[in-house]
>>> print(open('target.cif').read())   # mmCIF, C-alpha atoms
data_protein
#
loop_
_atom_site.group_PDB
_atom_site.id
_atom_site.type_symbol
_atom_site.label_atom_id
_atom_site.label_comp_id
_atom_site.auth_asym_id
_atom_site.auth_seq_id
_atom_site.Cartn_x
_atom_site.Cartn_y
_atom_site.Cartn_z
ATOM 1 C CA MET V 777 34.625 -7.323 10.911
ATOM 2 C CA GLN V 778 37.565 -5.183 11.991
ATOM 3 C CA ARG V 779 37.489 -2.537 14.688
ATOM 4 C CA THR V 780 37.347 0.901 13.152
ATOM 5 C CA SER V 781 39.016 3.944 14.633
ATOM 6 C CA SER V 782 35.607 5.095 15.761
ATOM 7 C CA ILE V 783 34.909 1.927 17.701
ATOM 8 C CA LEU V 784 31.766 1.327 15.782
ATOM 9 C CA PHE V 785 31.008 -1.223 13.117
ATOM 10 C CA PHE V 786 27.999 -2.667 11.414
ATOM 11 C CA VAL V 787 27.271 -6.334 10.868
ATOM 12 C CA ALA V 788 25.589 -7.056 7.554
ATOM 13 C CA LEU V 789 24.618 -10.671 7.143
ATOM 14 C CA ALA V 790 23.586 -11.996 3.760
ATOM 15 C CA ALA V 791 21.575 -14.732 5.447
ATOM 16 C CA LEU V 792 19.513 -12.062 7.177
ATOM 17 C CA GLY V 793 18.824 -10.141 4.001
ATOM 18 C CA CYS V 794 21.244 -7.305 4.838
ATOM 19 C CA LYS V 795 23.766 -7.748 2.053
ATOM 20 C CA PRO V 796 24.714 -4.406 0.502
ATOM 21 C CA ALA V 797 24.565 -3.809 -3.238
ATOM 22 C CA VAL V 798 27.746 -5.125 -4.840
ATOM 23 C CA GLY V 799 30.201 -2.403 -5.755
ATOM 24 C CA ARG V 800 28.245 0.509 -4.301
ATOM 25 C CA ALA V 801 30.062 3.247 -2.404
ATOM 26 C CA PRO V 802 29.678 2.994 1.400
ATOM 27 C CA SER V 803 28.287 6.529 1.346
ATOM 28 C CA LEU V 804 25.373 5.639 -0.952
ATOM 29 C CA ILE V 805 22.165 4.743 0.863
ATOM 30 C CA VAL V 806 20.126 2.257 -1.176
ATOM 31 C CA GLY V 807 17.850 0.982 1.589
ATOM 32 C CA PRO V 808 17.363 1.043 5.363
ATOM 33 C CA GLU V 809 20.722 1.242 7.123
ATOM 34 C CA ILE V 810 21.954 1.977 10.658
ATOM 35 C CA LEU V 811 24.600 4.669 10.280
ATOM 36 C CA ALA V 812 25.628 5.220 13.901
ATOM 37 C CA VAL V 813 24.951 4.254 17.501
ATOM 38 C CA ARG V 814 25.882 6.789 20.183
ATOM 39 C CA GLY V 815 26.440 6.210 23.875
ATOM 40 C CA ASP V 816 26.257 9.178 26.253
ATOM 41 C CA PRO V 817 28.542 9.611 28.145
ATOM 42 C CA ALA V 818 31.128 8.380 25.644
ATOM 43 C CA GLU V 819 33.249 6.846 28.428
ATOM 44 C CA VAL V 820 32.220 5.699 31.893
ATOM 45 C CA SER V 821 33.505 3.762 34.849
ATOM 46 C CA PRO V 822 32.059 0.253 35.297
ATOM 47 C CA GLY V 823 28.584 0.308 36.817
ATOM 48 C CA VAL V 824 27.691 3.786 35.531
ATOM 49 C CA ASP V 825 24.578 4.328 33.375
ATOM 50 C CA VAL V 826 24.880 5.081 29.658
ATOM 51 C CA SER V 827 22.084 6.281 27.371
ATOM 52 C CA TYR V 828 22.140 5.061 23.761
ATOM 53 C CA GLN V 829 20.465 6.332 20.599
ATOM 54 C CA PHE V 830 20.924 5.502 16.924
ATOM 55 C CA LEU V 831 20.731 7.050 13.477
ATOM 56 C CA MET V 832 18.899 5.062 10.820
ATOM 57 C CA ALA V 833 18.699 6.147 7.187
ATOM 58 C CA SER V 834 16.534 5.157 4.242
ATOM 59 C CA THR V 835 16.279 6.360 0.665
ATOM 60 C CA THR V 836 13.541 8.797 1.724
ATOM 61 C CA GLY V 837 15.339 10.263 4.752
ATOM 62 C CA THR V 838 16.017 9.600 8.422
ATOM 63 C CA VAL V 839 13.847 6.870 9.930
ATOM 64 C CA THR V 840 12.516 8.677 12.990
ATOM 65 C CA ASP V 841 10.084 6.032 14.252
ATOM 66 C CA ALA V 842 12.424 3.028 14.266
ATOM 67 C CA GLN V 843 12.423 0.810 17.363
ATOM 68 C CA GLY V 844 15.280 -1.513 18.168
ATOM 69 C CA THR V 845 16.061 -4.352 20.548
ATOM 70 C CA TRP V 846 19.127 -3.737 22.692
ATOM 71 C CA ASP V 847 21.467 -5.823 24.789
ATOM 72 C CA ILE V 848 24.909 -5.558 26.319
ATOM 73 C CA CYS V 849 27.332 -8.305 25.418
ATOM 74 C CA THR V 850 29.157 -9.833 28.365
ATOM 75 C CA GLN V 851 30.973 -12.489 26.333
ATOM 76 C CA PRO V 852 34.674 -11.637 25.825
ATOM 77 C CA LYS V 853 36.065 -12.399 22.394
ATOM 78 C CA PRO V 854 38.028 -15.672 22.431
ATOM 79 C CA PRO V 855 41.697 -15.400 21.331
ATOM 80 C CA SER V 856 40.862 -17.738 18.437
ATOM 81 C CA GLU V 857 38.487 -15.176 16.900
ATOM 82 C CA SER V 858 39.786 -12.221 14.902
ATOM 83 C CA ASN V 859 36.592 -10.166 14.773
ATOM 84 C CA SER V 860 35.975 -7.100 16.936
ATOM 85 C CA VAL V 861 33.281 -8.869 18.950
ATOM 86 C CA ALA V 862 32.702 -12.460 20.001
ATOM 87 C CA SER V 863 30.653 -14.494 17.529
ATOM 88 C CA ALA V 864 28.462 -15.474 20.481
ATOM 89 C CA CYS V 865 27.387 -11.823 20.744
ATOM 90 C CA VAL V 866 26.401 -11.750 17.079
ATOM 91 C CA SER V 867 24.386 -14.969 17.198
ATOM 92 C CA ALA V 868 22.728 -14.444 20.596
ATOM 93 C CA PRO V 869 18.912 -14.191 20.704
ATOM 94 C CA PRO V 870 17.473 -10.651 20.598
ATOM 95 C CA GLY V 871 17.504 -8.689 23.825
ATOM 96 C CA THR V 872 14.378 -7.883 25.807
ATOM 97 C CA ASP V 873 14.832 -4.094 25.910
ATOM 98 C CA VAL V 874 12.924 -2.476 23.044
ATOM 99 C CA GLY V 875 12.852 1.176 22.070
ATOM 100 C CA ALA V 876 14.313 4.042 20.088
ATOM 101 C CA THR V 877 16.704 4.622 22.988
ATOM 102 C CA PHE V 878 18.262 2.419 25.647
ATOM 103 C CA THR V 879 19.739 3.148 29.066
ATOM 104 C CA ALA V 880 21.812 0.626 30.966
ATOM 105 C CA ALA V 881 24.813 0.496 33.252
ATOM 106 C CA ALA V 882 28.174 -0.641 31.989
ATOM 107 C CA PRO V 883 28.804 -4.086 33.532
ATOM 108 C CA PRO V 884 30.378 -3.783 36.995
ATOM 109 C CA ASP V 885 32.965 -6.383 35.950
ATOM 110 C CA ALA V 886 33.657 -4.734 32.565
ATOM 111 C CA CYS V 887 37.359 -4.287 33.338
ATOM 112 C CA SER V 888 37.654 -8.028 33.963
ATOM 113 C CA LEU V 889 35.600 -9.070 30.951
ATOM 114 C CA PHE V 890 37.052 -6.580 28.466
ATOM 115 C CA GLY V 891 39.899 -4.832 30.253
ATOM 116 C CA PRO V 892 43.259 -5.260 31.958
ATOM 117 C CA ASN V 893 41.961 -7.121 35.031
ATOM 118 C CA ALA V 894 42.089 -10.822 34.237
ATOM 119 C CA PRO V 895 38.975 -12.681 35.444
ATOM 120 C CA ALA V 896 39.337 -15.689 37.697
ATOM 121 C CA ALA V 897 40.034 -18.872 35.768
ATOM 122 C CA LYS V 898 37.342 -21.511 35.675
ATOM 123 C CA ALA V 899 38.004 -24.878 37.285
ATOM 124 C CA GLY V 900 40.207 -27.051 35.093
ATOM 125 C CA GLN V 901 40.992 -24.243 32.648
ATOM 126 C CA PRO V 902 44.123 -22.109 32.253
ATOM 127 C CA PRO V 903 43.999 -18.514 33.545
ATOM 128 C CA PHE V 904 42.676 -15.844 31.232
ATOM 129 C CA ARG V 905 45.072 -13.342 29.719
ATOM 130 C CA PRO V 906 44.241 -9.668 30.420
ATOM 131 C CA ARG V 907 42.887 -7.764 27.435
ATOM 132 C CA ASP V 908 45.153 -5.425 25.510
ATOM 133 C CA PRO V 909 44.043 -1.799 25.130
ATOM 134 C CA ASP V 910 43.596 -0.184 21.741
ATOM 135 C CA ILE V 911 46.127 2.385 20.536
ATOM 136 C CA THR V 912 44.486 5.064 22.684
ATOM 137 C CA GLY V 913 44.705 2.925 25.827
ATOM 138 C CA GLY V 914 41.005 2.152 25.818
ATOM 139 C CA TYR V 915 38.778 -0.820 26.584
ATOM 140 C CA TYR V 916 35.264 -1.314 25.229
ATOM 141 C CA VAL V 917 31.994 -3.079 26.024
ATOM 142 C CA PRO V 918 29.954 -4.213 22.970
ATOM 143 C CA VAL V 919 26.354 -2.985 22.899
ATOM 144 C CA ARG V 920 24.200 -4.666 20.268
ATOM 145 C CA LEU V 921 21.272 -3.148 18.405
ATOM 146 C CA LEU V 922 18.808 -5.021 16.167
ATOM 147 C CA VAL V 923 16.315 -3.058 14.048
ATOM 148 C CA ASP V 924 13.715 -4.341 11.589
ATOM 149 C CA ASP V 925 14.270 -2.833 8.149
ATOM 150 C CA GLY V 926 10.544 -2.562 7.530
ATOM 151 C CA ALA V 927 10.419 -5.739 5.439
ATOM 152 C CA GLY V 928 10.955 -8.246 8.236
ATOM 153 C CA ASN V 929 14.751 -8.333 7.932
ATOM 154 C CA PRO V 930 16.898 -7.487 10.971
ATOM 155 C CA LEU V 931 19.684 -4.936 10.697
ATOM 156 C CA MET V 932 22.438 -5.346 13.280
ATOM 157 C CA ALA V 933 24.911 -2.792 14.602
ATOM 158 C CA PHE V 934 27.333 -2.666 17.513
ATOM 159 C CA ASP V 935 28.467 0.308 19.532
ATOM 160 C CA PHE V 936 31.587 -0.123 21.617
ATOM 161 C CA GLU V 937 31.151 1.800 24.864
ATOM 162 C CA ARG V 938 34.491 2.875 26.301
ATOM 163 C CA VAL V 939 35.001 1.951 29.948
ATOM 164 C CA PHE V 940 37.604 3.523 32.188
ATOM 165 C CA CYS V 941 39.791 0.792 33.662
ATOM 166 C CA GLY V 942 42.835 2.849 34.588
ATOM 167 C CA LEU V 943 46.345 1.988 33.521
ATOM 168 C CA GLY V 944 47.445 -1.631 33.809
ATOM 169 C CA GLY V 945 50.934 -3.117 33.716
ATOM 170 C CA ALA V 946 52.793 0.082 34.598
ATOM 171 C CA PRO V 947 54.881 1.341 37.539
ATOM 172 C CA LEU V 948 52.966 2.883 40.438
ATOM 173 C CA ALA V 949 54.239 6.381 39.680
ATOM 174 C CA ALA V 950 52.977 6.163 36.088
ATOM 175 C CA ILE V 951 49.595 4.887 37.274
ATOM 176 C CA GLN V 952 49.257 7.744 39.734
ATOM 177 C CA ASP V 953 50.266 10.284 37.086
ATOM 178 C CA TYR V 954 47.810 8.748 34.620
ATOM 179 C CA ASN V 955 44.926 8.893 37.086
ATOM 180 C CA THR V 956 45.675 12.557 37.698
ATOM 181 C CA ARG V 957 45.952 13.563 34.051
ATOM 182 C CA TYR V 958 43.379 11.376 32.333
ATOM 183 C CA LYS V 959 39.907 12.798 31.636
ATOM 184 C CA LYS V 960 37.142 10.488 30.451
ATOM 185 C CA ASN V 961 36.165 10.959 26.825
ATOM 186 C CA THR V 962 33.151 13.052 25.901
ATOM 187 C CA ASN V 963 31.271 12.960 22.611
ATOM 188 C CA PRO V 964 32.358 15.465 19.969
ATOM 189 C CA THR V 965 29.955 18.168 18.799
ATOM 190 C CA LEU V 966 29.019 18.696 15.159
ATOM 191 C CA GLU V 967 28.871 22.481 15.061
ATOM 192 C CA GLY V 968 28.031 23.084 11.419
ATOM 193 C CA LEU V 969 27.396 21.671 7.964
ATOM 194 C CA ALA V 970 27.498 24.057 5.045
ATOM 195 C CA ILE V 971 27.711 24.495 1.295
ATOM 196 C CA VAL V 972 30.799 26.496 0.332
ATOM 197 C CA ALA V 973 30.468 28.789 -2.690
ATOM 198 C CA ALA V 974 33.339 29.585 -5.061
ATOM 199 C CA ASP V 975 33.985 32.864 -3.205
ATOM 200 C CA GLY V 976 34.164 31.059 0.140
ATOM 201 C CA THR V 977 30.693 32.066 1.313
ATOM 202 C CA ARG V 978 29.071 29.397 3.463
ATOM 203 C CA THR V 979 25.391 28.493 3.483
ATOM 204 C CA ASP V 980 24.338 26.511 6.545
ATOM 205 C CA ILE V 981 22.285 23.430 5.646
ATOM 206 C CA LEU V 982 21.714 21.982 9.111
ATOM 207 C CA ALA V 983 18.882 24.366 9.897
ATOM 208 C CA SER V 984 17.243 24.071 6.467
ATOM 209 C CA SER V 985 17.694 22.387 3.100
ATOM 210 C CA GLY V 986 20.017 23.914 0.521
ATOM 211 C CA THR V 987 19.363 24.119 -3.216
ATOM 212 C CA VAL V 988 21.861 22.973 -5.867
ATOM 213 C CA THR V 989 21.821 22.291 -9.601
ATOM 214 C CA GLY V 990 21.716 18.743 -10.941
ATOM 215 C CA GLY V 991 25.109 17.481 -12.083
ATOM 216 C CA SER V 992 27.005 20.220 -10.217
ATOM 217 C CA ALA V 993 29.958 19.626 -7.910
ATOM 218 C CA VAL V 994 28.926 20.916 -4.486
ATOM 219 C CA ALA V 995 31.622 21.844 -1.953
ATOM 220 C CA LEU V 996 30.605 20.833 1.577
ATOM 221 C CA VAL V 997 32.254 21.420 4.950
ATOM 222 C CA ALA V 998 31.454 19.820 8.297
ATOM 223 C CA SER V 999 32.732 21.605 11.398
ATOM 224 C CA ALA V 1000 33.334 20.304 14.916
ATOM 225 C CA SER V 1001 33.309 22.464 18.029
ATOM 226 C CA PRO V 1002 36.729 23.588 19.379
ATOM 227 C CA ASP V 1003 36.498 21.257 22.395
ATOM 228 C CA SER V 1004 35.731 18.157 20.311
ATOM 229 C CA ALA V 1005 39.377 17.072 19.835
ATOM 230 C CA GLU V 1006 40.441 16.298 23.399
ATOM 231 C CA THR V 1007 43.934 15.728 24.739
ATOM 232 C CA PHE V 1008 44.656 12.536 26.684
ATOM 233 C CA PRO V 1009 47.722 10.647 27.945
ATOM 234 C CA VAL V 1010 48.856 7.311 26.477
ATOM 235 C CA TYR V 1011 51.418 5.106 28.193
ATOM 236 C CA ASP V 1012 54.538 4.125 26.249
ATOM 237 C CA SER V 1013 55.449 0.752 27.764
ATOM 238 C CA VAL V 1014 58.912 0.745 26.151
ATOM 239 C CA ALA V 1015 60.015 4.175 27.352
ATOM 240 C CA GLN V 1016 57.737 3.867 30.423
ATOM 241 C CA VAL V 1017 56.442 7.405 30.053
ATOM 242 C CA LEU V 1018 53.079 9.047 29.430
ATOM 243 C CA ASN V 1019 52.730 10.943 26.168
ATOM 244 C CA ASP V 1020 49.911 13.372 25.479
ATOM 245 C CA GLN V 1021 47.891 12.741 22.317
ATOM 246 C CA VAL V 1022 45.123 14.748 20.679
ATOM 247 C CA GLU V 1023 42.085 12.961 19.294
ATOM 248 C CA THR V 1024 41.710 12.717 15.542
ATOM 249 C CA LEU V 1025 38.209 13.541 14.308
ATOM 250 C CA SER V 1026 36.734 11.915 11.214
ATOM 251 C CA VAL V 1027 33.540 12.533 9.273
ATOM 252 C CA SER V 1028 31.628 9.859 7.347
ATOM 253 C CA TRP V 1029 29.293 11.109 4.636
ATOM 254 C CA PHE V 1030 26.068 9.535 3.326
ATOM 255 C CA ALA V 1031 23.402 10.442 0.760
ATOM 256 C CA SER V 1032 20.624 8.595 -1.069
ATOM 257 C CA ASP V 1033 21.876 9.735 -4.480
ATOM 258 C CA GLY V 1034 24.779 11.539 -6.115
ATOM 259 C CA LYS V 1035 28.419 10.794 -5.365
ATOM 260 C CA PHE V 1036 30.852 11.968 -2.699
ATOM 261 C CA LYS V 1037 34.501 12.480 -3.554
ATOM 262 C CA ASP V 1038 35.385 10.746 -0.269
ATOM 263 C CA ASP V 1039 33.255 8.470 1.889
ATOM 264 C CA ARG V 1040 35.215 9.355 5.023
ATOM 265 C CA ILE V 1041 37.585 12.246 5.781
ATOM 266 C CA ASP V 1042 39.733 13.167 8.769
ATOM 267 C CA ALA V 1043 39.097 16.691 9.979
ATOM 268 C CA ASP V 1044 41.917 19.214 9.729
ATOM 269 C CA PRO V 1045 43.613 19.161 13.176
ATOM 270 C CA ALA V 1046 43.896 22.965 13.228
ATOM 271 C CA THR V 1047 40.413 23.975 12.061
ATOM 272 C CA LEU V 1048 38.525 20.775 12.990
ATOM 273 C CA GLU V 1049 36.803 20.977 9.619
ATOM 274 C CA ALA V 1050 36.309 18.221 7.030
ATOM 275 C CA ASN V 1051 35.833 19.306 3.419
ATOM 276 C CA ASN V 1052 34.210 17.125 0.779
ATOM 277 C CA THR V 1053 32.655 17.403 -2.669
ATOM 278 C CA TRP V 1054 29.301 15.916 -3.590
ATOM 279 C CA THR V 1055 28.297 15.619 -7.224
ATOM 280 C CA ALA V 1056 24.551 16.066 -7.465
ATOM 281 C CA PRO V 1057 22.579 13.663 -9.673
ATOM 282 C CA GLN V 1058 21.111 14.827 -12.959
ATOM 283 C CA VAL V 1059 17.370 15.420 -12.531
ATOM 284 C CA THR V 1060 14.475 16.364 -14.844
ATOM 285 C CA ALA V 1061 12.397 17.809 -11.980
ATOM 286 C CA ASP V 1062 13.087 19.129 -8.482
ATOM 287 C CA GLU V 1063 14.225 16.310 -6.206
ATOM 288 C CA ASN V 1064 14.982 16.331 -2.479
ATOM 289 C CA ILE V 1065 18.070 14.248 -1.606
ATOM 290 C CA PRO V 1066 18.617 13.236 2.063
ATOM 291 C CA LEU V 1067 22.158 13.667 3.411
ATOM 292 C CA TRP V 1068 23.782 12.522 6.658
ATOM 293 C CA VAL V 1069 27.113 13.101 8.400
ATOM 294 C CA VAL V 1070 28.593 11.124 11.293
ATOM 295 C CA LEU V 1071 31.422 12.652 13.326
ATOM 296 C CA ARG V 1072 33.657 10.359 15.362
ATOM 297 C CA ASP V 1073 36.734 10.717 17.549
ATOM 298 C CA THR V 1074 39.487 8.166 18.101
ATOM 299 C CA ARG V 1075 38.283 7.276 21.609
ATOM 300 C CA GLY V 1076 34.805 6.208 20.514
ATOM 301 C CA GLY V 1077 32.837 9.448 20.740
ATOM 302 C CA VAL V 1078 30.084 10.028 18.170
ATOM 303 C CA ALA V 1079 27.909 12.863 16.882
ATOM 304 C CA PHE V 1080 25.603 12.866 13.874
ATOM 305 C CA ALA V 1081 23.195 15.037 11.920
ATOM 306 C CA SER V 1082 20.884 14.821 8.927
ATOM 307 C CA THR V 1083 19.646 17.313 6.369
ATOM 308 C CA SER V 1084 18.698 17.345 2.694
ATOM 309 C CA LEU V 1085 19.608 19.100 -0.529
ATOM 310 C CA ASN V 1086 17.034 20.225 -3.078
ATOM 311 C CA VAL V 1087 18.359 19.367 -6.534
ATOM 312 C CA VAL V 1088 16.916 21.327 -9.439
ATOM 313 C CA PRO V 1089 17.340 20.786 -13.219
#
>>> encode(input="target.cif", output="structure tokens")
Amino acid sequence: MQRTSSILFFVALAALGCKPAVGRAPSLIVGPEILAVRGDPAEVSPGVDVSYQFLMASTTGTVTDAQGTWDICTQPKPPSESNSVASACVSAPPGTDVGATFTAAAPPDACSLFGPNAPAAKAGQPPFRPRDPDITGGYYVPVRLLVDDGAGNPLMAFDFERVFCGLGGAPLAAIQDYNTRYKKNTNPTLEGLAIVAADGTRTDILASSGTVTGGSAVALVASASPDSAETFPVYDSVAQVLNDQVETLSVSWFASDGKFKDDRIDADPATLEANNTWTAPQVTADENIPLWVVLRDTRGGVAFASTSLNVVP
């Protein structure tokens, strides 16, 4: 389990009946699957409330009535473990908060547990080493979600909620400059999803289902709002300067049938659009195919949407 650029991963355990079909594309939905977990706001200071929701797909469409059990992990990952989250968080008993959504405060000591402020050492043990930030300078609290797949098997997913811990290990002037320039991350906005015809005409498919011919190659474009790719400073510890970076946006694509050219695509930095091609399945009668897109930024923000395409012979 490696941390993705979107700060979200899914844990699929064969022992729990969640093993994916061997060799299938990640974009192909063959059964119940959690596609995304979204915290709002996308970044908070310790102690501030965050509201969470999730997107769950099945072969028949979005699962709108799913209930999950939620909990916030407060167990830092030991240096001996290479996964994105401590194994103790994965194996812990289910939480007591149940619902389609979840609201909870980021731990007040999040910057000690998961950030640059080293917690006090326990008696007889060596001091803890402060956590390193990711490449965007961020620190994250794992939030676990468990959802029954409808057949008694638990699906597990983790969201990593970004917490603002300031800039550690830098000169005072750099810290002051960082605090002035840095703006907490906000979730991106998925502004559109459309079919693109050969002449460039776009047909929006977020508001209603589109119709395509079986076996055809369908050009799709997902668009983010202009303010979705935010600028933020990152500290260069070698040069001891702050450099501005712009978030990269990526789109993950999912459908219950057919085949995408790419499972995941970075949006064009100028247009904030991600283009893909979906080859519709061959059908002998009209068939409605569910489709999902998940938009993520490099600081952990998430947006998602679902629609469907009507495939005709």
>>> closest_residue(input="target.cif", among="V:Ala1046, V:Ala812, V:Pro1009, V:Pro854", to="Arg1072 (chain V)", atoms="all atoms listed in the file")
V:Ala812
>>> resolve_selection(input="target.cif", expression="the PyMOL selection byres ((chain V and resi 983-991) around 8)", output="list in words")
Ile971, Thr979, Asp980, Ile981, Leu982, Ser992, Ala993, Val994, Thr1055, Ala1056, Pro1057, Gln1058, Val1059, Thr1083, Ser1084, Leu1085, Asn1086, Val1087, Val1088 and Pro1089 of chain V
>>> atom_distance(input="target.cif", atom1="CA of Leu921 (chain V)", atom2="CA of Val1078 (chain V)")
15.9 Å
>>> residues_around(input="target.cif", residues="Val1010 (chain V)", least_positions_apart="2", cutoff="10 Å", atoms="all atoms listed in the file", output="ChimeraX atom specification")
/V:911-914,943,954,958,1007-1008,1012-1013,1017-1021
>>> resolve_selection(input="target.cif", expression="the PyMOL selection byres ((chain V and resi 1031) around 6)", output="list in words")
Leu804, Ile805, Phe1030, Ser1032, Asp1033, Pro1066 and Leu1067 of chain V
>>> closest_residue(input="target.cif", among="V:Val813, V:Val917, V:Leu889, V:Ala1005", to="Asn961 (chain V)", atoms="only C-alpha atoms")
V:Ala1005
>>> resolve_selection(input="target.cif", expression="the PyMOL selection byres ((chain V and resi 834) around 8)", output="MDAnalysis selection string")
chainID V and resid 805:809 832:833 835:839 1032
>>> atom_distance(input="target.cif", atom1="CA of Ala950 (chain V)", atom2="CA of Pro855 (chain V)")
28.5 Å
>>> axis_aligned_box(input="target.cif", around="region 1049-1065 of chain V", padding_each_side="6 Å", output="AutoDock Vina command-line options")
--center_x 24.6 --center_y 17.3 --center_z -2.6 --size_x 36.4 --size_y 19.3 --size_z 36.5
>>> atom_distance(input="target.cif", atom1="CA of Leu969 (chain V)", atom2="CA of Asp1044 (chain V)")
14.8 Å
>>> closest_residue(input="target.cif", among="V:Asp847, V:Asp1038, V:Asp924, V:Glu967", to="Pro870 (chain V)", atoms="only C-alpha atoms")
V:Asp847
>>> residues_around(input="target.cif", residues="Lys1037 (chain V)", least_positions_apart="3", cutoff="7 Å", atoms="all atoms listed in the file", output="NGL selection string")
:V and (1052-1054)
>>> closest_residue(input="target.cif", among="V:Pro883, V:Tyr1011, V:Leu831, V:Val826", to="Ala949 (chain V)", atoms="all atoms listed in the file")
V:Tyr1011
>>> closest_residue(input="target.cif", among="V:Ala1000, V:Val820, V:Ile810, V:Val861", to="Gly942 (chain V)", atoms="all atoms listed in the file")
V:Val820
>>> closest_residue(input="target.cif", among="V:Glu1023, V:Gly976, V:Thr877, V:Val939", to="Thr840 (chain V)", atoms="only C-alpha atoms")
V:Thr877
